[in-house]
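Report on one structure; see the data block that follows.
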Amino acid sequence: MTSPTSHAAPRLAPGRIHWFGYASPQVFYPVAGRLIPWFAGAALVLAAIGLAIGFLVAPTDHQQGDAYRIIFVHVPAAWLSMLIYVAMAFWAGLGLVLNTRLSAMMARALAPTGALFTFLALWTGALWGRPTWGAWWVWDARLTSELLLLFLYVGFMALQAAIDDPVRGDKAGAVIALVGVINVPVIYFSVQWWNTLHQGASVSLRAAPSMATTMLAGMLVMTFALWAYAIAAVLARLRCIILERERGVAP
Amino acid sequence: MIWQTWNDFVAMGGYAPYVWGSVGATAAGVLLEVLALRARRRAALARNVLSKGRP
(Lines give C-alpha, C1' and ligand atoms only; values in the text may rest on other atoms or scores of the structure.)
Protein backbone atom coordinates (compact mmCIF):
# COMPACT_ATOMS: atom_id res chain seq x y z
CA MET A 1 0.00 0.00 0.00
CA THR A 2 3.01 2.29 0.40
CA SER A 3 4.39 1.69 -3.10
CA PRO A 4 3.80 4.85 -5.14
CA THR A 5 2.15 3.26 -8.18
CA SER A 6 -0.19 5.20 -10.42
CA HIS A 7 -3.37 3.94 -8.79
CA ALA A 8 -2.22 3.26 -5.26
CA ALA A 9 -4.52 3.90 -2.33
CA PRO A 10 -4.11 7.23 -0.53
CA ARG A 11 -1.20 7.02 1.88
CA LEU A 12 -2.14 7.03 5.53
CA ALA A 13 0.10 7.75 8.49
CA PRO A 14 0.76 4.57 10.50
CA GLY A 15 -0.34 3.95 14.06
CA ARG A 16 -3.77 5.61 13.91
CA ILE A 17 -7.21 4.46 12.91
CA HIS A 18 -8.23 6.48 9.90
CA TRP A 19 -12.00 6.39 10.03
CA PHE A 20 -12.37 8.75 7.12
CA GLY A 21 -9.68 6.87 5.24
CA TYR A 22 -12.07 3.92 5.03
CA ALA A 23 -14.59 6.15 3.25
CA SER A 24 -12.32 5.97 0.23
CA PRO A 25 -13.37 3.22 -2.21
CA GLN A 26 -9.72 2.41 -2.96
CA VAL A 27 -8.95 1.78 0.71
CA PHE A 28 -12.17 -0.08 1.47
CA TYR A 29 -11.94 -2.41 -1.55
CA PRO A 30 -9.23 -4.69 -0.06
CA VAL A 31 -10.69 -4.38 3.46
CA ALA A 32 -14.04 -5.68 2.18
CA GLY A 33 -12.21 -8.46 0.36
CA ARG A 34 -10.63 -9.63 3.60
CA LEU A 35 -13.93 -9.45 5.54
CA ILE A 36 -16.05 -11.44 3.06
CA PRO A 37 -14.65 -14.95 3.81
CA TRP A 38 -15.17 -14.44 7.56
CA PHE A 39 -18.80 -13.40 7.20
CA ALA A 40 -19.49 -16.09 4.59
CA GLY A 41 -17.91 -18.74 6.83
CA ALA A 42 -19.85 -17.52 9.87
CA ALA A 43 -23.06 -17.64 7.80
CA LEU A 44 -22.45 -21.28 6.81
CA VAL A 45 -21.61 -22.43 10.35
CA LEU A 46 -24.51 -20.52 11.93
CA ALA A 47 -26.98 -21.74 9.29
CA ALA A 48 -25.93 -25.35 9.95
CA ILE A 49 -26.41 -24.88 13.72
CA GLY A 50 -29.64 -22.90 13.32
CA LEU A 51 -31.22 -25.42 10.93
CA ALA A 52 -30.17 -28.31 13.21
CA ILE A 53 -31.82 -26.64 16.20
CA GLY A 54 -34.91 -25.64 14.24
CA PHE A 55 -35.48 -28.87 12.35
CA LEU A 56 -34.00 -31.57 14.59
CA VAL A 57 -34.22 -30.31 18.19
CA ALA A 58 -37.10 -27.81 18.53
CA PRO A 59 -40.37 -29.52 19.48
CA THR A 60 -43.55 -29.54 17.38
CA ASP A 61 -45.85 -26.62 18.24
CA HIS A 62 -49.02 -27.65 20.07
CA GLN A 63 -51.19 -25.24 18.04
CA GLN A 64 -49.60 -25.02 14.60
CA GLY A 65 -47.94 -28.45 14.35
CA ASP A 66 -44.80 -28.48 12.23
CA ALA A 67 -46.01 -25.64 9.98
CA TYR A 68 -44.56 -23.24 12.57
CA ARG A 69 -41.03 -24.29 11.48
CA ILE A 70 -41.37 -21.77 8.65
CA ILE A 71 -40.53 -19.27 11.42
CA PHE A 72 -36.86 -20.24 11.17
CA VAL A 73 -36.59 -18.61 7.77
CA HIS A 74 -39.58 -16.25 7.80
CA VAL A 75 -38.73 -14.12 10.84
CA PRO A 76 -35.00 -13.73 10.05
CA ALA A 77 -35.85 -12.74 6.44
CA ALA A 78 -38.49 -10.24 7.60
CA TRP A 79 -36.21 -8.67 10.23
CA LEU A 80 -33.40 -8.32 7.73
CA SER A 81 -35.69 -6.83 5.10
CA MET A 82 -36.41 -3.95 7.50
CA LEU A 83 -32.88 -3.66 8.91
CA ILE A 84 -31.30 -3.56 5.45
CA TYR A 85 -33.75 -0.86 4.38
CA VAL A 86 -32.80 1.31 7.37
CA ALA A 87 -29.10 0.75 6.60
CA MET A 88 -29.71 1.60 2.93
CA ALA A 89 -31.55 4.82 3.83
CA PHE A 90 -28.78 5.73 6.30
CA TRP A 91 -25.98 5.32 3.75
CA ALA A 92 -28.00 6.96 0.98
CA GLY A 93 -28.76 9.91 3.27
CA LEU A 94 -25.12 10.17 4.34
CA GLY A 95 -24.06 10.15 0.69
CA LEU A 96 -26.59 12.88 -0.08
CA VAL A 97 -25.41 15.10 2.78
CA LEU A 98 -21.64 14.51 2.75
CA ASN A 99 -21.22 13.65 -0.94
CA THR A 100 -19.11 10.63 -0.02
CA ARG A 101 -18.81 8.22 -2.92
CA LEU A 102 -18.59 5.05 -0.86
CA SER A 103 -21.83 5.79 1.08
CA ALA A 104 -23.88 5.99 -2.10
CA MET A 105 -22.23 2.81 -3.39
CA MET A 106 -23.06 1.07 -0.10
CA ALA A 107 -26.73 2.05 -0.51
CA ARG A 108 -26.71 0.61 -4.04
CA ALA A 109 -25.04 -2.56 -2.76
CA LEU A 110 -27.64 -3.08 -0.01
CA ALA A 111 -30.76 -2.75 -2.18
CA PRO A 112 -30.80 -6.10 -4.07
CA THR A 113 -30.09 -8.15 -0.93
CA GLY A 114 -32.81 -6.22 0.92
CA ALA A 115 -35.23 -6.84 -1.92
CA LEU A 116 -34.38 -10.56 -1.87
CA PHE A 117 -35.11 -10.83 1.86
CA THR A 118 -38.35 -8.84 1.47
CA PHE A 119 -39.46 -11.21 -1.28
CA LEU A 120 -38.53 -14.22 0.88
CA ALA A 121 -40.43 -12.79 3.87
CA LEU A 122 -43.53 -12.43 1.66
CA TRP A 123 -43.08 -15.84 0.00
CA THR A 124 -42.52 -17.77 3.23
CA GLY A 125 -45.34 -15.75 4.81
CA ALA A 126 -47.71 -16.88 2.06
CA LEU A 127 -46.66 -20.50 2.63
CA TRP A 128 -47.29 -20.04 6.34
CA GLY A 129 -50.57 -18.18 5.89
CA ARG A 130 -52.14 -20.87 3.73
CA PRO A 131 -52.11 -23.69 6.35
CA THR A 132 -52.69 -21.45 9.40
CA TRP A 133 -55.11 -18.76 8.15
CA GLY A 134 -56.47 -20.56 5.09
CA ALA A 135 -55.27 -17.80 2.75
CA TRP A 136 -52.05 -17.23 0.80
CA TRP A 137 -52.52 -13.50 1.03
CA VAL A 138 -54.72 -11.02 2.90
CA TRP A 139 -54.67 -7.22 2.60
CA ASP A 140 -53.71 -6.91 6.22
CA ALA A 141 -51.60 -3.97 7.54
CA ARG A 142 -48.48 -6.08 8.16
CA LEU A 143 -48.55 -7.83 4.78
CA THR A 144 -49.48 -4.72 2.81
CA SER A 145 -46.72 -2.58 4.38
CA GLU A 146 -44.17 -5.35 3.73
CA LEU A 147 -45.31 -5.47 0.08
CA LEU A 148 -44.83 -1.69 -0.05
CA LEU A 149 -41.27 -2.27 1.22
CA LEU A 150 -40.63 -4.56 -1.76
CA PHE A 151 -41.92 -1.85 -4.10
CA LEU A 152 -39.65 0.71 -2.42
CA TYR A 153 -36.59 -1.49 -2.97
CA VAL A 154 -37.59 -2.15 -6.59
CA GLY A 155 -38.33 1.56 -7.14
CA PHE A 156 -34.93 2.52 -5.68
CA MET A 157 -33.11 0.08 -7.95
CA ALA A 158 -35.17 0.91 -11.04
CA LEU A 159 -34.68 4.66 -10.60
CA GLN A 160 -30.92 4.32 -10.15
CA ALA A 161 -30.70 1.97 -13.12
CA ALA A 162 -32.65 4.44 -15.28
CA ILE A 163 -30.30 7.37 -14.62
CA ASP A 164 -27.06 7.15 -16.59
CA ASP A 165 -25.06 9.63 -14.51
CA PRO A 166 -24.15 7.66 -11.36
CA VAL A 167 -23.97 10.72 -9.09
CA ARG A 168 -27.42 11.97 -10.15
CA GLY A 169 -28.72 8.41 -9.77
CA ASP A 170 -27.31 8.26 -6.24
CA LYS A 171 -29.11 11.48 -5.29
CA ALA A 172 -32.45 10.53 -6.81
CA GLY A 173 -32.28 7.11 -5.14
CA ALA A 174 -31.42 8.69 -1.79
CA VAL A 175 -34.64 10.72 -1.88
CA ILE A 176 -36.77 7.57 -2.41
CA ALA A 177 -34.80 5.71 0.27
CA LEU A 178 -35.26 8.50 2.83
CA VAL A 179 -38.96 9.05 2.13
CA GLY A 180 -39.60 5.29 2.23
CA VAL A 181 -37.93 4.81 5.60
CA ILE A 182 -41.20 6.00 7.20
CA ASN A 183 -42.63 2.65 6.12
CA VAL A 184 -40.26 0.65 8.36
CA PRO A 185 -41.82 1.60 11.74
CA VAL A 186 -45.21 1.18 10.08
CA ILE A 187 -44.33 -2.45 9.28
CA TYR A 188 -42.87 -3.08 12.70
CA PHE A 189 -45.72 -1.60 14.74
CA SER A 190 -48.53 -2.54 12.32
CA VAL A 191 -49.48 -5.52 14.48
CA GLN A 192 -50.02 -3.16 17.44
CA TRP A 193 -51.55 -0.16 15.65
CA TRP A 194 -54.10 -2.10 13.62
CA ASN A 195 -56.20 -5.15 14.18
CA THR A 196 -54.31 -7.55 11.96
CA LEU A 197 -54.52 -11.23 11.15
CA HIS A 198 -50.74 -11.44 11.52
CA GLN A 199 -49.60 -12.54 14.96
CA GLY A 200 -47.86 -10.08 17.28
CA ALA A 201 -44.12 -9.80 17.85
CA SER A 202 -42.50 -13.13 18.75
CA VAL A 203 -39.65 -11.45 20.57
CA SER A 204 -39.77 -8.26 22.60
CA LEU A 205 -37.18 -6.55 24.74
CA ARG A 206 -39.80 -5.77 27.39
CA ALA A 207 -41.47 -9.14 27.82
CA ALA A 208 -40.41 -12.75 28.25
CA PRO A 209 -40.44 -14.65 24.95
CA SER A 210 -43.74 -16.32 24.15
CA MET A 211 -42.08 -19.41 22.73
CA ALA A 212 -40.00 -22.41 23.84
CA THR A 213 -36.29 -21.75 24.40
CA THR A 214 -35.15 -24.07 21.59
CA MET A 215 -37.56 -22.40 19.14
CA LEU A 216 -36.24 -18.98 20.13
CA ALA A 217 -32.61 -20.19 19.93
CA GLY A 218 -33.15 -21.62 16.44
CA MET A 219 -34.77 -18.40 15.26
CA LEU A 220 -32.00 -16.18 16.67
CA VAL A 221 -29.18 -18.35 15.31
CA MET A 222 -30.83 -18.35 11.87
CA THR A 223 -31.16 -14.56 12.11
CA PHE A 224 -27.42 -14.21 12.76
CA ALA A 225 -26.72 -16.66 9.92
CA LEU A 226 -28.73 -14.63 7.39
CA TRP A 227 -27.29 -11.43 8.83
CA ALA A 228 -23.72 -12.66 8.27
CA TYR A 229 -24.70 -13.84 4.78
CA ALA A 230 -26.23 -10.45 3.98
CA ILE A 231 -23.04 -8.65 5.08
CA ALA A 232 -20.90 -10.94 2.90
CA ALA A 233 -23.20 -10.52 -0.11
CA VAL A 234 -23.41 -6.74 0.29
CA LEU A 235 -19.63 -6.40 0.62
CA ALA A 236 -19.16 -8.57 -2.49
CA ARG A 237 -21.60 -6.37 -4.41
CA LEU A 238 -19.91 -3.22 -3.09
CA ARG A 239 -16.61 -4.49 -4.50
CA CYS A 240 -18.30 -5.05 -7.89
CA ILE A 241 -19.70 -1.50 -7.81
CA ILE A 242 -16.28 -0.07 -6.91
CA LEU A 243 -14.76 -2.00 -9.83
CA GLU A 244 -17.47 -0.74 -12.17
CA ARG A 245 -17.38 2.89 -11.09
CA GLU A 246 -13.77 3.51 -10.14
CA ARG A 247 -11.81 2.16 -13.08
CA GLY A 248 -8.29 1.11 -12.29
CA VAL A 249 -8.76 0.74 -8.54
CA ALA A 250 -8.01 -2.86 -7.90
CA PRO A 251 -6.49 -5.90 -9.60
CA MET B 1 -33.69 -35.56 17.84
CA ILE B 2 -37.45 -35.33 17.68
CA TRP B 3 -38.08 -37.51 14.60
CA GLN B 4 -38.54 -41.27 14.77
CA THR B 5 -37.95 -41.95 11.08
CA TRP B 6 -36.59 -40.18 8.03
CA ASN B 7 -40.09 -40.16 6.53
CA ASP B 8 -41.46 -38.32 9.57
CA PHE B 9 -38.84 -35.66 9.06
CA VAL B 10 -39.63 -35.26 5.36
CA ALA B 11 -43.41 -35.23 5.97
CA MET B 12 -43.18 -32.36 8.54
CA GLY B 13 -46.45 -33.42 10.15
CA GLY B 14 -48.29 -33.06 6.82
CA TYR B 15 -46.97 -29.55 6.15
CA ALA B 16 -44.08 -30.65 3.90
CA PRO B 17 -44.94 -28.45 0.85
CA TYR B 18 -45.22 -25.34 3.04
CA VAL B 19 -42.16 -25.93 5.22
CA TRP B 20 -39.85 -27.21 2.45
CA GLY B 21 -41.24 -24.63 0.03
CA SER B 22 -40.09 -21.92 2.46
CA VAL B 23 -36.67 -23.40 3.21
CA GLY B 24 -36.12 -24.26 -0.46
CA ALA B 25 -37.05 -20.78 -1.68
CA THR B 26 -34.65 -19.21 0.82
CA ALA B 27 -31.82 -21.54 -0.22
CA ALA B 28 -32.56 -20.93 -3.91
CA GLY B 29 -32.65 -17.15 -3.39
CA VAL B 30 -29.29 -17.17 -1.62
CA LEU B 31 -27.75 -19.46 -4.25
CA LEU B 32 -29.00 -17.30 -7.14
CA GLU B 33 -27.64 -14.16 -5.47
CA VAL B 34 -24.21 -15.76 -4.98
CA LEU B 35 -24.12 -16.86 -8.64
CA ALA B 36 -25.24 -13.42 -9.83
CA LEU B 37 -22.54 -11.74 -7.72
CA ARG B 38 -19.89 -14.08 -9.09
CA ALA B 39 -20.95 -13.31 -12.68
CA ARG B 40 -21.03 -9.56 -11.99
CA ARG B 41 -17.53 -9.64 -10.48
CA ARG B 42 -16.19 -11.59 -13.45
CA ALA B 43 -17.75 -9.13 -15.90
CA ALA B 44 -16.40 -6.10 -14.00
CA LEU B 45 -12.88 -7.54 -13.84
CA ALA B 46 -12.95 -8.42 -17.54
CA ARG B 47 -14.09 -4.89 -18.45
CA ASN B 48 -11.38 -3.28 -16.32
CA VAL B 49 -8.69 -5.44 -17.89
CA LEU B 50 -9.96 -4.48 -21.37
CA SER B 51 -10.10 -0.76 -20.55
CA LYS B 52 -6.51 -0.82 -19.30
CA GLY B 53 -5.32 -2.64 -22.40
CA ARG B 54 -3.71 -5.43 -20.38
CA PRO B 55 -3.76 -8.98 -21.76
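So you can find residues: chains in the C-alpha coordinates are A, B, ... in the order shown, residues in each start at 1, and ligands are numbered from 1 in order.
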
Chain B contacts on chain A, only C-alpha atoms, 8 Å, as a list in words |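 The answer, sorted by residue number, is Leu56, Val57, Ala58, Pro59, Gly65, Asp66, Ala67, Arg69, Ile70, Val73, His74, Thr113, Leu116, Leu120, Trp123, Thr124, Leu127, Trp128, Pro131, Ala233, Ala236, Arg237, Arg239, Cys240, Leu243, Glu244, Arg247, Gly248 and Pro251 of chain A.
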
Could you go through chain B and tell me which residues DSSP, when run on the backbone, assigns to helix (DSSP H, G or I), listing them as a ChimeraX atom specification? /B:6-14,16-52

Between CA of Glu146 in chain A and CA of Trp79 in chain A lies a distance of 10.8 Å

Open item on the list: Under the rule that only C-alpha atoms are counted, which of A:Thr213, A:Gln63, A:Ser145, A:Thr223 is the nearest residue to Trp194 in chain A?
Closed with: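 Selected residue with least distance to Trp194 in chain A: A:Ser145.
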
Take CA of Ala230 in chain A and CA of Phe117 in chain A and report the distance between them in Å, one decimal.
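One can read the CA of Ala230 in chain A to CA of Phe117 in chain A distance as 9.1 Å.
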
Provide the CA of Val175 in chain A to CA of Ala115 in chain A distance in Å, to one decimal place.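 Value for the CA of Val175 in chain A-CA of Ala115 in chain A distance: 17.6 Å.
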
**Q.** Contacts of range 185-193 of chain A at 9 Å (only C-alpha atoms; same-chain gap of 6+ positions) as an NGL selection string
**A.** :A and (82 or 141-146 or 149 or 199-201)

Would you mind exporting the chosen residues as a PDB file, in the first residue's frame, restricted to N, CA and C atoms?
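Contents of part-v2.pdb, freshly written:
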ATOM      1  N   MET A  82     -36.242  -5.287   6.906  1.00  0.00           N
ATOM      2  CA  MET A  82     -36.413  -3.952   7.502  1.00  0.00           C
ATOM      3  C   MET A  82     -35.068  -3.336   7.861  1.00  0.00           C
ATOM      4  N   ALA A 141     -52.567  -5.083   7.432  1.00  0.00           N
ATOM      5  CA  ALA A 141     -51.599  -3.974   7.541  1.00  0.00           C
ATOM      6  C   ALA A 141     -50.158  -4.464   7.464  1.00  0.00           C
ATOM      7  N   ARG A 142     -49.848  -5.579   8.143  1.00  0.00           N
ATOM      8  CA  ARG A 142     -48.478  -6.078   8.162  1.00  0.00           C
ATOM      9  C   ARG A 142     -48.052  -6.521   6.763  1.00  0.00           C
ATOM     10  N   LEU A 143     -48.905  -7.292   6.096  1.00  0.00           N
ATOM     11  CA  LEU A 143     -48.554  -7.830   4.780  1.00  0.00           C
ATOM     12  C   LEU A 143     -48.471  -6.721   3.738  1.00  0.00           C
ATOM     13  N   THR A 144     -49.439  -5.792   3.807  1.00  0.00           N
ATOM     14  CA  THR A 144     -49.477  -4.720   2.810  1.00  0.00           C
ATOM     15  C   THR A 144     -48.260  -3.801   2.947  1.00  0.00           C
ATOM     16  N   SER A 145     -47.881  -3.462   4.200  1.00  0.00           N
ATOM     17  CA  SER A 145     -46.724  -2.581   4.378  1.00  0.00           C
ATOM     18  C   SER A 145     -45.428  -3.292   3.980  1.00  0.00           C
ATOM     19  N   GLU A 146     -45.365  -4.615   4.166  1.00  0.00           N
ATOM     20  CA  GLU A 146     -44.168  -5.353   3.729  1.00  0.00           C
ATOM     21  C   GLU A 146     -44.110  -5.393   2.196  1.00  0.00           C
ATOM     22  N   LEU A 149     -42.729  -2.264   1.069  1.00  0.00           N
ATOM     23  CA  LEU A 149     -41.268  -2.270   1.223  1.00  0.00           C
ATOM     24  C   LEU A 149     -40.604  -2.861  -0.019  1.00  0.00           C
ATOM     25  N   GLN A 199     -49.825 -12.476  13.520  1.00  0.00           N
ATOM     26  CA  GLN A 199     -49.601 -12.540  14.959  1.00  0.00           C
ATOM     27  C   GLN A 199     -48.659 -11.436  15.420  1.00  0.00           C
ATOM     28  N   GLY A 200     -48.689 -11.146  16.718  1.00  0.00           N
ATOM     29  CA  GLY A 200     -47.856 -10.078  17.277  1.00  0.00           C
ATOM     30  C   GLY A 200     -46.391 -10.460  17.273  1.00  0.00           C
ATOM     31  N   ALA A 201     -45.561  -9.564  17.828  1.00  0.00           N
ATOM     32  CA  ALA A 201     -44.120  -9.801  17.853  1.00  0.00           C
ATOM     33  C   ALA A 201     -43.808 -11.068  18.638  1.00  0.00           C
TER      34      ALA A 201
END

Excluding same-chain residues fewer than 3 positions from Leu150 in chain A, what lies within 6 Å of it counting only C-alpha atoms, as number ranges by chain? A: 115, 118, 147, 153

Next, dump the selected residues to file, keeping only N, CA and C atoms, as an mmCIF file, in the first residue's frame.
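Produced file result38.cif, reproduced below:
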data_model
loop_
_atom_site.group_PDB
_atom_site.id
_atom_site.type_symbol
_atom_site.label_atom_id
_atom_site.label_comp_id
_atom_site.auth_asym_id
_atom_site.auth_seq_id
_atom_site.Cartn_x
_atom_site.Cartn_y
_atom_site.Cartn_z
ATOM 1 N N ALA A 115 -34.068 -6.442 -1.133
ATOM 2 C CA ALA A 115 -35.234 -6.841 -1.924
ATOM 3 C C ALA A 115 -35.413 -8.357 -1.878
ATOM 4 N N THR A 118 -36.944 -9.264 1.420
ATOM 5 C CA THR A 118 -38.346 -8.844 1.466
ATOM 6 C C THR A 118 -39.209 -9.836 0.690
ATOM 7 N N LEU A 147 -45.277 -5.506 1.550
ATOM 8 C CA LEU A 147 -45.309 -5.467 0.083
ATOM 9 C C LEU A 147 -44.850 -4.097 -0.414
ATOM 10 N N TYR A 153 -37.893 -0.973 -2.529
ATOM 11 C CA TYR A 153 -36.594 -1.494 -2.974
ATOM 12 C C TYR A 153 -36.534 -1.501 -4.503
#

Closest of A:Ala78, A:Ala177, A:Val167, A:Ala89 to Arg245 in chain A, counting only C-alpha atoms, is A:Val167
